[in-house]
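J.: My structure is stored as structure.cif, with mmCIF, C-alpha atoms and all ligand atoms.
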```
data_coords
loop_
_atom_site.group_PDB
_atom_site.id
_atom_site.type_symbol
_atom_site.label_atom_id
_atom_site.label_comp_id
_atom_site.auth_asym_id
_atom_site.auth_seq_id
_atom_site.Cartn_x
_atom_site.Cartn_y
_atom_site.Cartn_z
ATOM 1 C CA MET A 1 0.000 0.000 0.000
ATOM 2 C CA THR A 2 1.365 3.450 -0.879
ATOM 3 C CA ASP A 3 1.391 6.211 1.692
ATOM 4 C CA LEU A 4 -1.490 7.916 -0.030
ATOM 5 C CA SER A 5 -3.719 4.815 -0.108
ATOM 6 C CA ARG A 6 -3.004 4.327 3.568
ATOM 7 C CA ILE A 7 -3.917 7.946 4.352
ATOM 8 C CA VAL A 8 -7.153 7.693 2.342
ATOM 9 C CA ALA A 9 -8.118 4.365 3.960
ATOM 10 C CA THR A 10 -7.461 5.713 7.458
ATOM 11 C CA ILE A 11 -9.511 8.848 6.851
ATOM 12 C CA ALA A 12 -12.430 6.785 5.477
ATOM 13 C CA ALA A 13 -12.306 4.388 8.434
ATOM 14 C CA ASP A 14 -12.312 7.305 10.903
ATOM 15 C CA MET A 15 -15.155 9.059 9.104
ATOM 16 C CA ALA A 16 -17.205 5.821 9.119
ATOM 17 C CA ARG A 17 -16.979 5.870 12.923
ATOM 18 C CA ALA A 18 -17.688 9.599 13.371
ATOM 19 C CA GLU A 19 -20.690 10.374 15.548
ATOM 20 C CA ASP A 20 -21.441 13.997 14.746
ATOM 21 C CA ARG A 21 -22.269 13.712 11.054
ATOM 22 C CA GLY A 22 -24.148 17.016 10.574
ATOM 23 C CA ARG A 23 -27.663 17.219 9.133
ATOM 24 C CA VAL A 24 -28.813 16.096 5.708
ATOM 25 C CA ALA A 25 -30.371 18.956 3.675
ATOM 26 C CA ASP A 26 -34.113 18.589 4.033
ATOM 27 C CA TYR A 27 -35.365 21.683 2.195
ATOM 28 C CA ILE A 28 -35.131 19.702 -1.049
ATOM 29 C CA PRO A 29 -37.258 16.576 -0.463
ATOM 30 C CA GLY A 30 -35.208 14.567 -2.976
ATOM 31 C CA LEU A 31 -32.129 15.027 -0.782
ATOM 32 C CA ALA A 32 -33.771 14.467 2.602
ATOM 33 C CA ARG A 33 -34.042 10.718 2.019
ATOM 34 C CA VAL A 34 -30.286 10.114 1.727
ATOM 35 C CA ASP A 35 -28.707 7.934 4.446
ATOM 36 C CA PRO A 36 -26.289 10.129 6.482
ATOM 37 C CA ASN A 37 -24.103 7.131 7.396
ATOM 38 C CA GLN A 38 -22.107 7.316 4.204
ATOM 39 C CA PHE A 39 -18.681 8.695 3.398
ATOM 40 C CA GLY A 40 -16.643 8.448 0.223
ATOM 41 C CA ILE A 41 -13.332 9.833 -0.973
ATOM 42 C CA ALA A 42 -11.500 9.668 -4.299
ATOM 43 C CA ILE A 43 -8.186 11.244 -5.240
ATOM 44 C CA VAL A 44 -6.714 11.344 -8.726
ATOM 45 C CA THR A 45 -3.087 12.448 -8.723
ATOM 46 C CA ALA A 46 -1.284 14.394 -11.414
ATOM 47 C CA ASP A 47 0.512 11.225 -12.489
ATOM 48 C CA GLY A 48 -2.806 9.479 -13.027
ATOM 49 C CA GLU A 49 -3.083 7.274 -9.959
ATOM 50 C CA THR A 50 -6.491 6.919 -8.326
ATOM 51 C CA HIS A 51 -7.001 6.273 -4.617
ATOM 52 C CA CYS A 52 -10.530 5.632 -3.362
ATOM 53 C CA ALA A 53 -12.088 4.571 -0.083
ATOM 54 C CA GLY A 54 -15.492 4.261 1.555
ATOM 55 C CA ASP A 55 -18.544 4.948 -0.607
ATOM 56 C CA ALA A 56 -16.524 6.365 -3.490
ATOM 57 C CA ASP A 57 -18.728 4.640 -6.071
ATOM 58 C CA THR A 58 -22.102 5.710 -4.685
ATOM 59 C CA LEU A 59 -23.926 8.341 -6.723
ATOM 60 C CA PHE A 60 -24.978 11.571 -5.031
ATOM 61 C CA SER A 61 -26.482 14.860 -6.114
ATOM 62 C CA ILE A 62 -23.603 17.180 -7.027
ATOM 63 C CA GLN A 63 -25.761 20.291 -6.426
ATOM 64 C CA SER A 64 -23.627 23.434 -6.274
ATOM 65 C CA ILE A 65 -20.472 21.671 -7.420
ATOM 66 C CA SER A 66 -22.111 21.879 -10.862
ATOM 67 C CA LYS A 67 -21.587 25.663 -10.650
ATOM 68 C CA VAL A 68 -17.852 25.209 -11.325
ATOM 69 C CA PHE A 69 -18.483 23.390 -14.606
ATOM 70 C CA ALA A 70 -21.317 25.716 -15.656
ATOM 71 C CA LEU A 71 -19.001 28.676 -14.987
ATOM 72 C CA THR A 72 -16.278 27.073 -17.112
ATOM 73 C CA ILE A 73 -18.732 26.788 -20.009
ATOM 74 C CA ALA A 74 -20.012 30.367 -19.554
ATOM 75 C CA LEU A 75 -16.462 31.772 -19.563
ATOM 76 C CA GLY A 76 -15.863 29.857 -22.781
ATOM 77 C CA LYS A 77 -18.912 31.527 -24.334
ATOM 78 C CA VAL A 78 -18.589 35.130 -23.184
ATOM 79 C CA GLY A 79 -15.111 35.383 -21.652
ATOM 80 C CA ASP A 80 -14.500 38.252 -19.273
ATOM 81 C CA GLY A 81 -17.785 39.835 -20.375
ATOM 82 C CA LEU A 82 -19.336 37.578 -17.722
ATOM 83 C CA TRP A 83 -17.963 39.875 -15.020
ATOM 84 C CA ARG A 84 -20.298 42.681 -16.085
ATOM 85 C CA ARG A 85 -23.191 40.547 -14.833
ATOM 86 C CA VAL A 86 -21.709 38.741 -11.848
ATOM 87 C CA GLY A 87 -18.978 39.717 -9.388
ATOM 88 C CA ARG A 88 -16.022 37.723 -8.157
ATOM 89 C CA GLU A 89 -15.874 38.639 -4.491
ATOM 90 C CA PRO A 90 -16.718 36.418 -1.523
ATOM 91 C CA SER A 91 -20.266 37.101 -0.372
ATOM 92 C CA GLY A 92 -19.962 36.538 3.364
ATOM 93 C CA THR A 93 -23.600 35.463 3.169
ATOM 94 C CA ALA A 94 -25.478 32.176 2.817
ATOM 95 C CA PHE A 95 -25.675 30.504 -0.590
ATOM 96 C CA ASN A 96 -29.326 31.461 -1.048
ATOM 97 C CA SER A 97 -29.207 34.953 0.482
ATOM 98 C CA ILE A 98 -31.076 37.779 -1.223
ATOM 99 C CA VAL A 99 -29.904 40.730 0.894
ATOM 100 C CA GLN A 100 -26.880 41.838 -1.149
ATOM 101 C CA LEU A 101 -28.813 41.787 -4.403
ATOM 102 C CA GLU A 102 -30.762 44.929 -3.562
ATOM 103 C CA HIS A 103 -27.682 46.905 -2.509
ATOM 104 C CA GLU A 104 -25.784 45.755 -5.554
ATOM 105 C CA SER A 105 -28.512 46.345 -8.139
ATOM 106 C CA GLY A 106 -29.206 42.733 -9.048
ATOM 107 C CA VAL A 107 -25.544 41.824 -9.701
ATOM 108 C CA PRO A 108 -24.680 38.759 -7.599
ATOM 109 C CA ARG A 109 -21.406 38.761 -5.674
ATOM 110 C CA ASN A 110 -19.942 35.681 -7.357
ATOM 111 C CA PRO A 111 -20.876 32.771 -9.657
ATOM 112 C CA PHE A 112 -21.088 30.251 -6.800
ATOM 113 C CA VAL A 113 -23.904 31.761 -4.728
ATOM 114 C CA ASN A 114 -27.272 30.678 -6.118
ATOM 115 C CA ALA A 115 -28.035 34.081 -7.668
ATOM 116 C CA GLY A 116 -24.691 34.065 -9.489
ATOM 117 C CA ALA A 117 -25.234 30.546 -10.769
ATOM 118 C CA ILE A 118 -28.677 31.502 -12.090
ATOM 119 C CA VAL A 119 -27.034 34.333 -14.087
ATOM 120 C CA VAL A 120 -24.484 31.813 -15.387
ATOM 121 C CA ALA A 121 -27.363 29.499 -16.404
ATOM 122 C CA ASP A 122 -28.909 32.454 -18.272
ATOM 123 C CA VAL A 123 -25.606 33.072 -20.084
ATOM 124 C CA ASN A 124 -25.365 29.401 -21.044
ATOM 125 C CA LEU A 125 -28.912 29.499 -22.417
ATOM 126 C CA ALA A 126 -28.035 32.023 -25.136
ATOM 127 C CA GLY A 127 -29.089 30.609 -28.482
ATOM 128 C CA HIS A 128 -30.215 27.320 -26.946
ATOM 129 C CA GLN A 129 -33.246 25.530 -25.612
ATOM 130 C CA PRO A 130 -32.879 24.618 -21.889
ATOM 131 C CA ARG A 131 -32.582 20.951 -22.887
ATOM 132 C CA GLU A 132 -29.593 21.760 -25.098
ATOM 133 C CA THR A 133 -27.903 23.839 -22.398
ATOM 134 C CA ILE A 134 -28.223 20.994 -19.908
ATOM 135 C CA GLY A 135 -27.118 18.534 -22.587
ATOM 136 C CA GLU A 136 -23.990 20.608 -23.184
ATOM 137 C CA LEU A 137 -23.115 20.535 -19.475
ATOM 138 C CA LEU A 138 -23.748 16.778 -19.239
ATOM 139 C CA GLN A 139 -21.576 16.152 -22.291
ATOM 140 C CA PHE A 140 -18.827 18.300 -20.791
ATOM 141 C CA LEU A 141 -18.916 16.315 -17.532
ATOM 142 C CA ARG A 142 -18.939 12.979 -19.373
ATOM 143 C CA HIS A 143 -15.928 14.087 -21.402
ATOM 144 C CA LEU A 144 -14.040 15.312 -18.323
ATOM 145 C CA ALA A 145 -14.871 12.212 -16.276
ATOM 146 C CA GLU A 146 -14.413 9.903 -19.286
ATOM 147 C CA ASP A 147 -17.673 8.279 -18.308
ATOM 148 C CA ASP A 148 -20.822 8.400 -20.426
ATOM 149 C CA SER A 149 -23.022 7.173 -17.605
ATOM 150 C CA VAL A 150 -23.319 10.617 -15.947
ATOM 151 C CA VAL A 151 -27.021 11.599 -15.891
ATOM 152 C CA ILE A 152 -29.516 13.827 -14.103
ATOM 153 C CA ASP A 153 -31.581 12.493 -11.204
ATOM 154 C CA ASP A 154 -35.015 13.582 -12.382
ATOM 155 C CA LYS A 155 -36.631 13.111 -8.982
ATOM 156 C CA VAL A 156 -34.201 15.600 -7.456
ATOM 157 C CA ALA A 157 -34.718 18.031 -10.355
ATOM 158 C CA GLN A 158 -38.493 17.859 -9.917
ATOM 159 C CA SER A 159 -38.274 18.313 -6.186
ATOM 160 C CA GLU A 160 -36.000 21.350 -6.622
ATOM 161 C CA ARG A 161 -38.517 22.867 -8.979
ATOM 162 C CA ALA A 162 -41.416 22.134 -6.637
ATOM 163 C CA THR A 163 -39.717 23.730 -3.632
ATOM 164 C CA GLY A 164 -37.361 26.295 -5.181
ATOM 165 C CA PHE A 165 -39.255 29.387 -4.048
ATOM 166 C CA ARG A 166 -36.150 31.203 -2.881
ATOM 167 C CA ASN A 167 -34.334 30.562 -6.116
ATOM 168 C CA ALA A 168 -37.429 31.812 -7.957
ATOM 169 C CA ALA A 169 -37.339 34.933 -5.783
ATOM 170 C CA LEU A 170 -33.659 35.498 -6.602
ATOM 171 C CA ALA A 171 -34.274 35.021 -10.314
ATOM 172 C CA ASN A 172 -37.295 37.332 -10.391
ATOM 173 C CA TYR A 173 -35.407 39.951 -8.441
ATOM 174 C CA MET A 174 -32.485 39.873 -10.860
ATOM 175 C CA LYS A 175 -34.892 39.926 -13.801
ATOM 176 C CA SER A 176 -36.367 43.154 -12.403
ATOM 177 C CA PHE A 177 -32.879 44.711 -12.610
ATOM 178 C CA GLY A 178 -32.470 43.480 -16.184
ATOM 179 C CA ASN A 179 -29.784 40.932 -15.259
ATOM 180 C CA LEU A 180 -31.548 37.912 -16.826
ATOM 181 C CA GLU A 181 -32.005 37.812 -20.572
ATOM 182 C CA HIS A 182 -34.272 34.786 -20.724
ATOM 183 C CA ALA A 183 -37.541 34.013 -18.995
ATOM 184 C CA VAL A 184 -37.099 33.281 -15.297
ATOM 185 C CA GLU A 185 -38.556 29.763 -15.750
ATOM 186 C CA LEU A 186 -35.983 28.911 -18.406
ATOM 187 C CA ALA A 187 -32.974 30.041 -16.367
ATOM 188 C CA LEU A 188 -34.345 28.247 -13.309
ATOM 189 C CA GLY A 189 -35.043 25.104 -15.332
ATOM 190 C CA VAL A 190 -31.386 24.932 -16.357
ATOM 191 C CA TYR A 191 -30.220 25.697 -12.823
ATOM 192 C CA PHE A 192 -32.434 23.069 -11.142
ATOM 193 C CA HIS A 193 -31.378 20.384 -13.604
ATOM 194 C CA GLN A 194 -27.660 21.121 -13.329
ATOM 195 C CA CYS A 195 -27.899 20.865 -9.517
ATOM 196 C CA ALA A 196 -29.622 17.478 -9.898
ATOM 197 C CA ILE A 197 -26.746 15.853 -11.820
ATOM 198 C CA ALA A 198 -25.734 12.642 -10.025
ATOM 199 C CA MET A 199 -22.082 11.590 -9.830
ATOM 200 C CA ASN A 200 -19.862 9.592 -7.509
ATOM 201 C CA CYS A 201 -16.565 10.644 -5.938
ATOM 202 C CA ARG A 202 -14.514 8.750 -8.503
ATOM 203 C CA GLN A 203 -16.227 10.500 -11.427
ATOM 204 C CA LEU A 204 -16.070 13.913 -9.799
ATOM 205 C CA ALA A 205 -12.367 13.657 -8.965
ATOM 206 C CA LYS A 206 -11.732 12.739 -12.608
ATOM 207 C CA ALA A 207 -13.865 15.645 -13.811
ATOM 208 C CA GLY A 208 -11.750 18.074 -11.758
ATOM 209 C CA ARG A 209 -8.433 17.000 -13.282
ATOM 210 C CA PHE A 210 -8.247 19.876 -15.762
ATOM 211 C CA LEU A 211 -8.209 22.276 -12.814
ATOM 212 C CA MET A 212 -5.209 20.518 -11.249
ATOM 213 C CA LEU A 213 -3.371 20.436 -14.598
ATOM 214 C CA ASP A 214 -3.504 24.105 -15.625
ATOM 215 C CA GLY A 215 -6.459 23.518 -17.923
ATOM 216 C CA VAL A 216 -5.324 20.310 -19.631
ATOM 217 C CA HIS A 217 -7.638 17.282 -19.795
ATOM 218 C CA PRO A 218 -5.248 14.352 -19.309
ATOM 219 C CA GLY A 219 -7.523 12.014 -21.300
ATOM 220 C CA SER A 220 -7.011 13.969 -24.521
ATOM 221 C CA GLY A 221 -3.867 15.947 -23.652
ATOM 222 C CA ARG A 222 -5.724 19.047 -24.848
ATOM 223 C CA HIS A 223 -6.517 22.282 -23.074
ATOM 224 C CA VAL A 224 -10.138 22.444 -21.899
ATOM 225 C CA VAL A 225 -9.418 26.019 -20.813
ATOM 226 C CA SER A 226 -6.230 28.095 -20.825
ATOM 227 C CA ALA A 227 -3.838 27.806 -17.897
ATOM 228 C CA ALA A 228 -4.730 31.346 -16.820
ATOM 229 C CA ARG A 229 -8.431 30.507 -16.753
ATOM 230 C CA ALA A 230 -7.925 27.288 -14.786
ATOM 231 C CA ARG A 231 -5.957 29.254 -12.171
ATOM 232 C CA ARG A 232 -8.702 31.848 -11.955
ATOM 233 C CA ILE A 233 -11.429 29.255 -11.504
ATOM 234 C CA ASN A 234 -9.339 27.777 -8.682
ATOM 235 C CA ALA A 235 -8.990 31.269 -7.178
ATOM 236 C CA LEU A 236 -12.771 31.648 -7.210
ATOM 237 C CA MET A 237 -13.212 28.256 -5.559
ATOM 238 C CA LEU A 238 -10.778 29.218 -2.827
ATOM 239 C CA THR A 239 -12.405 32.581 -2.122
ATOM 240 C CA CYS A 240 -16.082 31.798 -2.796
ATOM 241 C CA GLY A 241 -16.524 28.010 -3.018
ATOM 242 C CA HIS A 242 -17.902 27.551 0.500
ATOM 243 C CA TYR A 243 -20.088 30.681 0.750
ATOM 244 C CA ASP A 244 -19.772 32.349 4.155
ATOM 245 C CA ALA A 245 -17.454 29.549 5.283
ATOM 246 C CA SER A 246 -14.930 30.075 2.471
ATOM 247 C CA GLY A 247 -12.440 31.752 4.795
ATOM 248 C CA ASP A 248 -12.760 28.947 7.307
ATOM 249 C CA PHE A 249 -12.276 26.301 4.612
ATOM 250 C CA ALA A 250 -9.139 28.056 3.307
ATOM 251 C CA TYR A 251 -7.874 28.292 6.880
ATOM 252 C CA ARG A 252 -8.575 24.694 7.820
ATOM 253 C CA VAL A 253 -7.854 22.944 4.525
ATOM 254 C CA GLY A 254 -5.901 25.284 2.248
ATOM 255 C CA PHE A 255 -7.171 23.921 -1.095
ATOM 256 C CA PRO A 256 -9.539 25.551 -3.599
ATOM 257 C CA GLY A 257 -12.816 23.679 -3.131
ATOM 258 C CA LYS A 258 -16.472 23.734 -4.084
ATOM 259 C CA SER A 259 -19.207 22.261 -1.926
ATOM 260 C CA GLY A 260 -22.796 21.253 -2.631
ATOM 261 C CA VAL A 261 -25.779 20.654 -0.347
ATOM 262 C CA GLY A 262 -25.805 17.018 -1.485
ATOM 263 C CA GLY A 263 -22.751 16.695 0.802
ATOM 264 C CA GLY A 264 -20.074 16.579 -1.887
ATOM 265 C CA ILE A 265 -16.924 18.700 -2.064
ATOM 266 C CA MET A 266 -14.547 18.845 -5.016
ATOM 267 C CA ALA A 267 -11.088 20.138 -4.061
ATOM 268 C CA ILE A 268 -8.079 20.861 -6.216
ATOM 269 C CA VAL A 269 -4.402 20.789 -5.301
ATOM 270 C CA PRO A 270 -2.847 22.487 -8.344
ATOM 271 C CA GLY A 271 -0.205 20.327 -9.982
ATOM 272 C CA ARG A 272 -0.828 17.501 -7.576
ATOM 273 C CA ALA A 273 -4.350 16.166 -7.057
ATOM 274 C CA SER A 274 -8.038 16.392 -7.853
ATOM 275 C CA ILE A 275 -10.142 15.234 -4.930
ATOM 276 C CA ALA A 276 -13.812 14.482 -4.285
ATOM 277 C CA VAL A 277 -15.264 13.721 -0.873
ATOM 278 C CA TRP A 278 -18.878 13.055 -0.009
ATOM 279 C CA SER A 279 -20.871 12.682 3.171
ATOM 280 C CA PRO A 280 -24.481 13.880 3.148
ATOM 281 C CA GLY A 281 -24.645 15.510 6.613
ATOM 282 C CA LEU A 282 -24.048 19.275 6.461
ATOM 283 C CA ASN A 283 -22.674 21.766 8.963
ATOM 284 C CA THR A 284 -24.572 24.937 9.819
ATOM 285 C CA ARG A 285 -23.161 26.716 6.746
ATOM 286 C CA GLY A 286 -24.515 24.069 4.366
ATOM 287 C CA ASN A 287 -21.163 22.376 3.655
ATOM 288 C CA SER A 288 -20.450 18.682 4.244
ATOM 289 C CA GLN A 289 -19.502 18.229 7.890
ATOM 290 C CA LEU A 290 -17.354 15.118 7.478
ATOM 291 C CA GLY A 291 -16.209 16.112 4.006
ATOM 292 C CA THR A 292 -14.618 19.252 5.427
ATOM 293 C CA ILE A 293 -13.036 17.358 8.313
ATOM 294 C CA ALA A 294 -11.714 14.702 5.931
ATOM 295 C CA LEU A 295 -10.108 17.300 3.663
ATOM 296 C CA ALA A 296 -8.506 19.032 6.658
ATOM 297 C CA ARG A 297 -7.103 15.649 7.709
ATOM 298 C CA LEU A 298 -5.846 14.995 4.192
ATOM 299 C CA ALA A 299 -4.165 18.416 4.037
ATOM 300 C CA ASP A 300 -2.427 17.768 7.361
ATOM 301 C CA ALA A 301 -1.310 14.267 6.413
ATOM 302 C CA THR A 302 0.016 15.191 2.969
ATOM 303 C CA GLY A 303 1.294 18.749 3.469
ATOM 304 C CA TRP A 304 -0.559 19.674 0.285
ATOM 305 C CA SER A 305 -1.803 23.081 1.457
ATOM 306 C CA ILE A 306 -1.378 25.548 -1.388
ATOM 307 C CA PHE A 307 0.142 27.928 1.166
ATOM 308 C CA ARG A 308 3.105 25.675 1.811
ATOM 309 C CA PRO A 309 6.350 27.108 0.364
ATOM 310 C CA ALA A 310 6.913 25.546 -3.067
ATOM 311 C CA ALA A 311 10.445 24.465 -2.129
ATOM 312 C CA ASP A 312 9.008 22.129 0.529
ATOM 313 C CA ARG A 313 6.666 20.410 -1.901
ATOM 314 C CA SER A 314 9.017 17.677 -2.967
ATOM 315 C CA PRO A 315 7.627 15.599 -5.840
ATOM 316 C CA ASP A 316 8.021 12.453 -3.757
ATOM 317 C CA ALA A 317 6.052 13.680 -0.774
ATOM 318 C CA PRO A 318 2.598 12.141 -0.624
HETATM 319 N N1 LIG B 401 -29.927 23.313 -5.536
HETATM 320 C C1 LIG B 401 -29.462 23.943 -4.328
HETATM 321 C C2 LIG B 401 -30.232 25.219 -4.122
HETATM 322 O O1 LIG B 401 -30.461 25.888 -5.068
HETATM 323 C C3 LIG B 401 -27.993 24.199 -4.443
HETATM 324 C C4 LIG B 401 -27.408 24.840 -3.219
HETATM 325 C C5 LIG B 401 -26.079 24.292 -2.816
HETATM 326 O O2 LIG B 401 -25.654 23.197 -3.173
HETATM 327 N N2 LIG B 401 -25.427 25.004 -1.933
HETATM 328 O O3 LIG B 401 -30.610 25.569 -3.043
#
```
Could you spell out this file's structure in structure tokens?

T.:
Amino acid sequence: MTDLSRIVATIAADMARAEDRGRVADYIPGLARVDPNQFGIAIVTADGETHCAGDADTLFSIQSISKVFALTIALGKVGDGLWRRVGREPSGTAFNSIVQLEHESGVPRNPFVNAGAIVVADVNLAGHQPRETIGELLQFLRHLAEDDSVVIDDKVAQSERATGFRNAALANYMKSFGNLEHAVELALGVYFHQCAIAMNCRQLAKAGRFLMLDGVHPGSGRHVVSAARARRINALMLTCGHYDASGDFAYRVGFPGKSGVGGGIMAIVPGRASIAVWSPGLNTRGNSQLGTIALARLADATGWSIFRPAADRSPDAP
């Protein structure tokens, strides 16, 4: 067993025994049914090794992790023009907060709060039917994960639509400021379906590889995005990926990461690893309780914090 497999196995065994597992999101009925006694972790390293443990092959709802991939597509379509419609500052507020939108004239703080992701969905709709926009995102994920089985969990999508009153409020509010080009229902339809994409840790860690490799998809050897763009997406994940707990996540873990209320977190160690963890119980900020703890443990055990001096990051260290 390599050091890294041992570290991953130990973390999974400890997380399986953990008592305080947080609370499963229950405001989306499709998520409330998930068994909290699950934990999975998958790491794909820059040299192509995969290390998995626990429930790494169990599908879960990726929820807000989809915002990273939707943002990547939107930047490909409109480039830096996106930043006229959405900011890139941490919000310091909950993922579904509406308060800043009034002060800031319907321009969401960043693409990872719900309001920002709804604007991104609107950008991705341009010239498409909602079905095509979602199809484009699914195809992108299948390509990145090299796995054609990635699909949407329709039950979750329907239950998001049936209960998404806050998201509808955010979308209507932004529409009133002229920051949505399409009908509110269309932008929300795309948003609800992208949140309902189901993946497992193994697939998600593979999908994140281009962000660890300066934009290159190792499957094809081609750039999915430029190196500069990959670095900027990582910067946004570090500063905004955990909403009003982004500072705490950077402090405790030290990797760019994006969480979702399904209990998943995708984290990137540039040049070294793409990681997915999943445990459905959430902390009070809506981020996976055990997922965060597991990543903090991994950072401690490997010394992978992005804040570690580069000279100390020997290629042989785990
Ligand atoms: N679909 C969820 C929502 O809109 C996504 C939130 C999240 O994962 N933080 O509320």

J.: Could you tell me which of A:Ala228, A:Ala235, A:Ala205, A:Ala162 comes closest to ligand LIG 401 (chain B) if we count all atoms listed in the file?

T.: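 Nearest candidate to ligand LIG 401 (chain B) out of A:Ala228, A:Ala235, A:Ala205, A:Ala162: A:Ala162.
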
J.: Determine the residue membership of the PyMOL selection byres (((chain A and resi 237-248) around 7) and not hetatm) for the file above and supply it as a list of chain:residue names.

T.: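 Applying the expression gives A:Pro90, A:Ser91, A:Gly92, A:Thr93, A:Ala94, A:Phe95, A:Phe112, A:Val113, A:Ile233, A:Asn234, A:Ala235, A:Leu236, A:Phe249, A:Ala250, A:Tyr251, A:Arg252, A:Phe255, A:Pro256, A:Gly257, A:Lys258, A:Ser259, A:Arg285, A:Asn287.
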
J.: Any chance you could tabulate, as a Markdown table, the residues of chain A at most 7 Å from ligand LIG 401 (chain B) with each one's nearest atom pair and distance in Å to one decimal, using only C-alpha atoms and all ligand atoms, in chain and rising number order?

T.:
```
| residue | atom | partner | partner_atom | distance |
| --- | --- | --- | --- | --- |
| A:Gln63 | CA | B:LIG401 | O2 | 4.4 |
| A:Ser64 | CA | B:LIG401 | O2 | 3.7 |
| A:Ile65 | CA | B:LIG401 | O2 | 6.9 |
| A:Phe95 | CA | B:LIG401 | N2 | 5.7 |
| A:Asn96 | CA | B:LIG401 | O3 | 6.4 |
| A:Asn114 | CA | B:LIG401 | O1 | 5.8 |
| A:Glu160 | CA | B:LIG401 | N1 | 6.5 |
| A:Gly164 | CA | B:LIG401 | O1 | 6.9 |
| A:Asn167 | CA | B:LIG401 | O1 | 6.2 |
| A:Phe192 | CA | B:LIG401 | N1 | 6.1 |
| A:Cys195 | CA | B:LIG401 | N1 | 5.1 |
| A:Ser259 | CA | B:LIG401 | O2 | 6.6 |
| A:Gly260 | CA | B:LIG401 | O2 | 3.5 |
| A:Val261 | CA | B:LIG401 | O2 | 3.8 |
| A:Gly262 | CA | B:LIG401 | O2 | 6.4 |
| A:Gly286 | CA | B:LIG401 | N2 | 6.4 |
```

J.: Near Ser66 in chain A, counting all atoms listed in the file, which residues have an atom at most 8 Å away, once you skip same-chain residues fewer than 3 positions from it, shown as a ChimeraX atom specification?

T.: /A:62-63,69-70,194-195,197

J.: Export C-alpha atoms of the chosen residues as a PDB file, in the coordinates of the input?

T.:
```pdb
ATOM      1  CA  ILE A  62     -23.603  17.180  -7.027  1.00  0.00           C
ATOM      2  CA  GLN A  63     -25.761  20.291  -6.426  1.00  0.00           C
ATOM      3  CA  PHE A  69     -18.483  23.390 -14.606  1.00  0.00           C
ATOM      4  CA  ALA A  70     -21.317  25.716 -15.656  1.00  0.00           C
ATOM      5  CA  GLN A 194     -27.660  21.121 -13.329  1.00  0.00           C
ATOM      6  CA  CYS A 195     -27.899  20.865  -9.517  1.00  0.00           C
ATOM      7  CA  ILE A 197     -26.746  15.853 -11.820  1.00  0.00           C
TER       8      ILE A 197
END
```

J.: Within 7 Å of range 150-155 of chain A, which residues of range 193-248 of chain A come that close, and what is the closest atom pair and distance in Å for each? Count all atoms listed in the file and give it as a Markdown table.

T.:
```
| residue | atom | partner | partner_atom | distance |
| --- | --- | --- | --- | --- |
| A:His193 | CA | A:Ile152 | CA | 6.8 |
| A:Ala196 | CA | A:Asp153 | CA | 5.5 |
| A:Ile197 | CA | A:Ile152 | CA | 4.1 |
| A:Ala198 | CA | A:Ile152 | CA | 5.7 |
| A:Met199 | CA | A:Val150 | CA | 6.3 |
```

J.: Within 12 Å of Ala187 in chain A, counting all atoms listed in the file, which residues qualify if same-chain residues fewer than 3 places away don't, as an MDAnalysis selection string?

T.: chainID A and resid 114:126 128:131 133:134 161 167:168 170:172 174:175 179:184 190:194

J.: For a quick check of understanding, using all atoms listed in the file, which of A:Pro270, A:Asn200, A:Leu295, A:Phe307 has the smallest distance to Ala227 in chain A?

T.: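 Smallest distance to Ala227 in chain A is found for A:Pro270.
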
J.: Calculate how many Å separate CA of Arg232 in chain A from CA of Gln100 in chain A, rounding to one decimal.

T.: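 Computing the Euclidean distance for CA of Arg232 in chain A and CA of Gln100 in chain A yields 23.4 Å.
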